[in-house]
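Undergrad: Please find structure_6.txt (compact mmCIF, C-alpha atoms) on the next line:
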# COMPACT_ATOMS: atom_id res chain seq x y z
CA MET A 1 60.71 -84.42 294.87
CA GLU A 2 61.88 -86.71 292.09
CA GLN A 3 61.00 -89.76 294.21
CA LEU A 4 57.32 -88.87 293.76
CA HIS A 5 57.43 -89.53 290.03
CA ARG A 6 54.72 -92.01 289.06
CA LEU A 7 57.29 -94.60 287.87
CA TYR A 8 59.72 -94.20 290.77
CA ASN A 9 58.60 -97.24 292.79
CA THR A 10 57.66 -99.32 289.74
CA HIS A 11 59.82 -102.16 288.41
CA VAL A 12 60.39 -100.66 284.96
CA LYS A 13 61.30 -102.96 282.06
CA LEU A 14 64.66 -101.74 280.70
CA LEU A 15 67.20 -103.16 278.29
CA ALA A 16 70.74 -103.43 279.63
CA PHE A 17 71.90 -100.71 277.23
CA ASP A 18 69.35 -98.27 278.67
CA LEU A 19 69.84 -99.33 282.28
CA LEU A 20 73.61 -98.93 282.14
CA SER A 21 73.33 -95.48 280.56
CA LEU A 22 71.04 -93.98 283.23
CA THR A 23 72.16 -90.62 284.59
CA GLN A 24 73.35 -90.75 288.20
CA THR A 25 72.97 -87.73 290.45
CA PRO A 26 73.34 -87.21 294.23
CA SER A 27 70.07 -87.46 296.15
CA HIS A 28 68.92 -85.90 299.43
CA SER A 29 67.35 -89.19 300.55
CA PRO A 30 69.38 -91.15 303.15
CA SER A 31 67.93 -94.43 301.87
CA ASP A 32 68.69 -93.64 298.21
CA PRO A 33 71.92 -91.58 298.09
CA ILE A 34 72.05 -91.79 294.29
CA SER A 35 69.16 -90.95 291.94
CA PHE A 36 68.91 -92.61 288.52
CA SER A 37 67.13 -90.91 285.64
CA ARG A 38 66.65 -90.81 281.90
CA GLY A 39 65.29 -87.76 280.13
CA GLY A 40 63.92 -86.31 283.38
CA THR A 41 62.20 -89.54 284.42
CA PHE A 42 63.49 -91.04 287.69
CA PHE A 43 63.69 -94.76 288.44
CA SER A 44 64.51 -96.79 291.54
CA ARG A 45 63.60 -100.34 290.48
CA ALA A 46 64.06 -102.33 287.28
CA GLU A 47 63.17 -105.64 285.64
CA THR A 48 65.40 -107.45 283.17
CA VAL A 49 65.30 -110.76 281.29
CA GLY A 50 68.37 -112.47 279.85
CA THR A 51 70.89 -115.28 280.06
CA ILE A 52 72.97 -115.68 283.22
CA THR A 53 76.59 -115.61 282.08
CA SER A 54 78.51 -115.50 285.38
CA ARG A 55 77.91 -116.50 289.00
CA GLU A 56 79.92 -115.75 292.15
CA LEU A 57 78.65 -117.03 295.50
CA LYS A 58 79.77 -115.90 298.96
CA PRO A 59 77.81 -118.19 301.35
CA ASN A 60 75.71 -116.31 303.91
CA LYS A 61 76.87 -113.02 302.34
CA PHE A 62 75.79 -112.51 298.75
CA LEU A 63 75.40 -113.98 295.27
CA LYS A 64 76.69 -111.86 292.41
CA PHE A 65 75.71 -112.80 288.86
CA THR A 66 75.53 -111.26 285.41
CA VAL A 67 72.50 -111.14 283.09
CA ASP A 68 73.08 -110.68 279.34
CA ASP A 69 70.02 -109.59 277.33
CA GLY A 70 71.85 -109.09 274.04
CA THR A 71 72.27 -105.33 274.46
CA GLY A 72 74.68 -105.50 277.40
CA CYS A 73 75.46 -107.22 280.69
CA ILE A 74 73.89 -106.22 284.00
CA VAL A 75 75.56 -107.09 287.30
CA CYS A 76 73.01 -108.29 289.86
CA VAL A 77 73.59 -108.76 293.61
CA LEU A 78 71.37 -110.94 295.79
CA TRP A 79 72.05 -110.44 299.50
CA LEU A 80 72.06 -113.59 301.66
CA ASN A 81 72.98 -112.10 305.04
CA HIS A 82 69.49 -111.27 306.31
CA LEU A 83 69.73 -113.43 309.44
CA VAL A 84 72.88 -111.66 310.67
CA SER A 85 72.57 -108.17 309.17
CA PRO A 86 71.78 -105.38 311.68
CA TYR A 87 69.46 -103.85 309.07
CA PHE A 88 66.94 -106.61 309.80
CA SER A 89 67.29 -106.70 313.59
CA ARG A 90 63.88 -105.05 314.10
CA CYS A 91 62.02 -107.11 311.53
CA SER A 92 59.63 -109.92 312.40
CA PRO A 93 60.32 -113.30 310.71
CA PRO A 94 57.54 -112.96 308.06
CA SER A 95 58.97 -109.66 306.79
CA LEU A 96 62.25 -111.43 306.01
CA HIS A 97 60.60 -113.65 303.41
CA ARG A 98 62.04 -113.15 299.93
CA LEU A 99 58.68 -112.13 298.41
CA TYR A 100 57.45 -109.99 301.28
CA ASN A 101 58.17 -106.57 299.77
CA THR A 102 57.51 -107.60 296.16
CA HIS A 103 54.35 -106.70 294.26
CA VAL A 104 53.33 -110.32 293.67
CA LYS A 105 51.06 -111.09 290.73
CA LEU A 106 47.98 -112.77 292.20
CA LEU A 107 44.59 -113.69 290.79
CA ALA A 108 41.62 -112.35 292.75
CA PHE A 109 40.68 -115.89 293.82
CA ASP A 110 44.11 -116.40 295.41
CA LEU A 111 44.36 -112.89 296.87
CA LEU A 112 40.97 -113.08 298.56
CA SER A 113 41.79 -116.48 300.07
CA LEU A 114 45.05 -115.42 301.74
CA THR A 115 45.39 -116.45 305.37
CA GLN A 116 45.25 -113.49 307.76
CA THR A 117 47.15 -113.65 311.06
CA PRO A 118 48.00 -110.99 313.68
CA SER A 119 51.46 -109.48 313.23
CA HIS A 120 53.92 -107.96 315.72
CA SER A 121 54.73 -105.13 313.30
CA PRO A 122 53.06 -101.77 314.13
CA SER A 123 53.05 -100.81 310.45
CA ASP A 124 51.55 -104.14 309.32
CA PRO A 125 49.10 -105.29 312.03
CA ILE A 126 47.87 -108.15 309.82
CA SER A 127 50.12 -110.63 308.01
CA PHE A 128 48.92 -112.27 304.80
CA SER A 129 50.21 -115.66 303.71
CA ARG A 130 49.64 -118.63 301.47
CA GLY A 131 51.17 -121.99 302.26
CA GLY A 132 53.74 -120.42 304.56
CA THR A 133 54.72 -117.70 302.08
CA PHE A 134 54.10 -114.17 303.35
CA PHE A 135 53.06 -111.23 301.15
CA SER A 136 52.58 -107.51 301.81
CA ARG A 137 52.08 -106.10 298.29
CA ALA A 138 50.18 -107.28 295.22
CA GLU A 139 49.55 -106.51 291.57
CA THR A 140 46.29 -107.23 289.78
CA VAL A 141 44.95 -106.66 286.26
CA GLY A 142 41.26 -106.61 285.42
CA THR A 143 38.19 -104.64 284.45
CA ILE A 144 36.96 -101.88 286.72
CA THR A 145 33.36 -102.78 287.55
CA SER A 146 32.47 -100.30 290.28
CA ARG A 147 33.60 -96.85 291.39
CA GLU A 148 32.73 -94.88 294.54
CA LEU A 149 34.31 -91.45 295.01
CA LYS A 150 34.41 -89.50 298.26
CA PRO A 151 36.03 -86.18 297.21
CA ASN A 152 39.17 -85.32 299.20
CA LYS A 153 38.79 -88.59 301.12
CA PHE A 154 39.15 -91.72 298.99
CA LEU A 155 38.21 -93.54 295.81
CA LYS A 156 36.98 -97.10 296.25
CA PHE A 157 36.74 -99.26 293.15
CA THR A 158 36.51 -102.93 292.21
CA VAL A 159 38.74 -104.85 289.80
CA ASP A 160 37.33 -108.03 288.24
CA ASP A 161 39.92 -110.37 286.68
CA GLY A 162 37.51 -113.19 285.89
CA THR A 163 38.29 -115.21 289.04
CA GLY A 164 36.84 -112.72 291.53
CA CYS A 165 36.50 -109.05 292.42
CA ILE A 166 39.13 -107.15 294.41
CA VAL A 167 38.23 -104.01 296.34
CA CYS A 168 40.85 -101.29 295.88
CA VAL A 169 41.12 -98.08 297.92
CA LEU A 170 43.01 -95.02 296.70
CA TRP A 171 43.40 -92.38 299.41
CA LEU A 172 42.85 -88.75 298.40
CA ASN A 173 43.14 -87.05 301.81
CA HIS A 174 46.88 -86.28 301.74
CA LEU A 175 46.43 -82.53 302.21
CA VAL A 176 44.51 -82.95 305.49
CA SER A 177 45.73 -86.30 306.83
CA PRO A 178 47.95 -86.15 309.97
CA ASN A 179 49.99 -89.01 308.50
CA PHE A 180 51.65 -86.46 306.20
CA SER A 181 52.14 -83.71 308.76
CA ARG A 182 55.90 -84.31 308.87
CA CYS A 183 56.32 -84.09 305.10
CA SER A 184 57.17 -80.84 303.38
CA PRO A 185 54.13 -79.07 301.83
CA PRO A 186 55.53 -79.29 298.26
CA SER A 187 56.00 -83.05 298.67
CA VAL A 188 52.49 -83.53 300.02
CA ARG A 189 51.04 -81.52 297.14
CA LEU A 190 52.89 -83.72 294.64
CA ILE A 191 51.61 -86.88 296.32
CA ALA A 192 48.07 -85.48 296.23
CA GLN A 193 48.43 -84.57 292.55
CA MET A 194 49.60 -88.09 291.74
CA ALA A 195 46.65 -89.60 293.60
CA SER A 196 44.25 -87.30 291.73
CA HIS A 197 45.83 -88.38 288.44
CA PHE A 198 45.36 -92.06 289.31
CA ALA A 199 41.75 -91.39 290.36
CA ALA A 200 41.02 -89.78 286.99
CA GLU A 201 42.37 -92.91 285.25
CA VAL A 202 39.92 -95.15 287.09
CA ARG A 203 36.82 -95.36 284.90
CA LEU A 204 34.14 -98.01 284.61
CA GLY A 205 34.86 -100.62 281.94
CA VAL A 206 38.58 -99.93 281.47
CA VAL A 207 41.22 -102.60 282.03
CA ALA A 208 43.71 -101.41 284.65
CA ARG A 209 46.85 -102.69 286.32
CA VAL A 210 46.74 -101.88 290.03
CA ARG A 211 49.59 -102.19 292.53
CA GLY A 212 49.51 -101.57 296.24
CA ARG A 213 49.67 -102.87 299.79
CA ILE A 214 47.55 -105.83 300.86
CA THR A 215 45.31 -104.69 303.69
CA SER A 216 42.22 -105.87 305.52
CA TYR A 217 38.97 -104.04 306.29
CA ARG A 218 36.42 -105.74 308.51
CA GLY A 219 38.06 -109.08 307.78
CA ALA A 220 37.99 -108.72 303.99
CA VAL A 221 41.19 -108.50 301.94
CA GLN A 222 41.64 -105.39 299.81
CA ILE A 223 44.42 -103.40 298.11
CA THR A 224 45.47 -99.97 299.32
CA VAL A 225 46.53 -98.48 295.99
CA SER A 226 49.97 -97.06 295.25
CA ASP A 227 49.63 -96.72 291.47
CA VAL A 228 47.18 -97.37 288.63
CA VAL A 229 48.01 -97.91 284.95
CA VAL A 230 45.30 -98.23 282.29
CA GLU A 231 46.19 -101.05 279.88
CA ARG A 232 45.67 -100.24 276.19
CA ASP A 233 46.58 -103.74 274.96
CA PRO A 234 43.55 -106.08 275.19
CA ASN A 235 45.91 -109.04 275.64
CA GLU A 236 47.33 -107.78 278.96
CA GLU A 237 44.54 -109.30 281.05
CA THR A 238 45.13 -112.75 279.53
CA LEU A 239 48.90 -112.43 279.88
CA HIS A 240 48.49 -111.48 283.53
CA LEU A 241 46.26 -114.52 284.09
CA LEU A 242 48.86 -116.86 282.59
CA GLU A 243 51.68 -115.22 284.59
CA CYS A 244 49.73 -115.61 287.82
CA MET A 245 49.06 -119.28 287.17
CA SER A 246 52.71 -119.94 286.37
CA LEU A 247 54.02 -118.03 289.39
CA ALA A 248 51.49 -119.66 291.70
CA SER A 249 52.72 -123.14 290.78
CA LYS A 250 56.43 -122.33 290.66
CA CYS A 251 57.02 -119.65 293.29
CA TYR A 252 54.14 -119.17 295.70
CA ASN A 253 53.30 -122.73 296.68
Using structure tokens, write down the structure that the file contains.
TA:
Amino acid sequence: MEQLHRLYNTHVKLLAFDLLSLTQTPSHSPSDPISFSRGGTFFSRAETVGTITSRELKPNKFLKFTVDDGTGCIVCVLWLNHLVSPYFSRCSPPSLHRLYNTHVKLLAFDLLSLTQTPSHSPSDPISFSRGGTFFSRAETVGTITSRELKPNKFLKFTVDDGTGCIVCVLWLNHLVSPNFSRCSPPSVRLIAQMASHFAAEVRLGVVARVRGRITSYRGAVQITVSDVVVERDPNEETLHLLECMSLASKCYN
């Protein structure tokens, strides 16, 4: 139940002091045996910025390093055993790319020009790439310029970031979709409530940050939405633009 919290799959920005003081409790999820929370809010991913103060490398196994942000030191582990680990035995080569499961910050111009190729994965029939780098998730920030609601089915809206318009689809059919037939009714109701909350946030003219899976419909790239956050700071759109340009030149090319 706690995994359905709106921030659970978001990379939350936390100081080391706050991250290291999170409450740990046993979880019923086999993939996440420990739940981390603070004041009733559950987290599974985090983002930190600081100085690297230690580094320990085990070739083809892992890299362990420490990040000091001035409030404490966070131990970070980067696994390097993907080519030999049994956990990745069923994955296709593109899904092993370091950015594949990351919500990459992309401008609309770059997102809409991704190369689409057939994939061998049943869950991801289309692979999206740029210069040999494969992506499956994206994050965009822009002004909502259109909104089409089909009650209990989906909400389709467009995000304009100044370089192009991205079509985003938020599904609202969780209570009747067979894809959720194996989930417990309380869990499905929570998912549906979250989707309804996100749909209410989507209004014409607001600046929103949208994250989700990169998908294709009739050959056109779109985002299947996982979460929506309305930005109150008018500078966020410009900051996102600058971040995208920097990441495109340093990481994606």
Undergrad: Write out as number ranges by chain the residues lying within 10 Å of Val49 of chain A, counting all atoms listed in the file and excluding same-chain residues fewer than 5 positions away.
TA: A: 13-16, 67-70
Undergrad: Output, as AutoDock Vina command-line options, the centre and edge lengths in Å (one decimal) of the axis-aligned box that contains all listed atoms of segment 203-222 of chain A with 6 Å of margin on each side.
TA:
--center_x 41.9 --center_y -102.2 --center_z 295.0 --size_x 27.5 --size_y 25.7 --size_z 39.0
Undergrad: Using all atoms listed in the file, which residue out of A:Leu241, A:Ala199, A:Leu80, A:Val176 lies closest to Val228 of chain A?
TA: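 Residue with the minimum atom-to-atom distance to Val228 of chain A: A:Ala199.
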Undergrad: Rounded to one decimal in Å, what is the spacing between atom CA of Ser44 of chain A and atom CA of Val225 of chain A?
TA: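 According to the coordinates, atom CA of Ser44 of chain A and atom CA of Val225 of chain A are separated by 18.6 Å.
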Undergrad: Place a sphere of radius 9 Å on (42.0, -90.3, 295.5) in the file coordinates and name every protein, DNA or RNA residue with an atom inside or on its surface, counting all atoms listed in the file; give the answer as a PyMOL selection string.
TA: chain A and resi 149-156+169-174+192+194-200
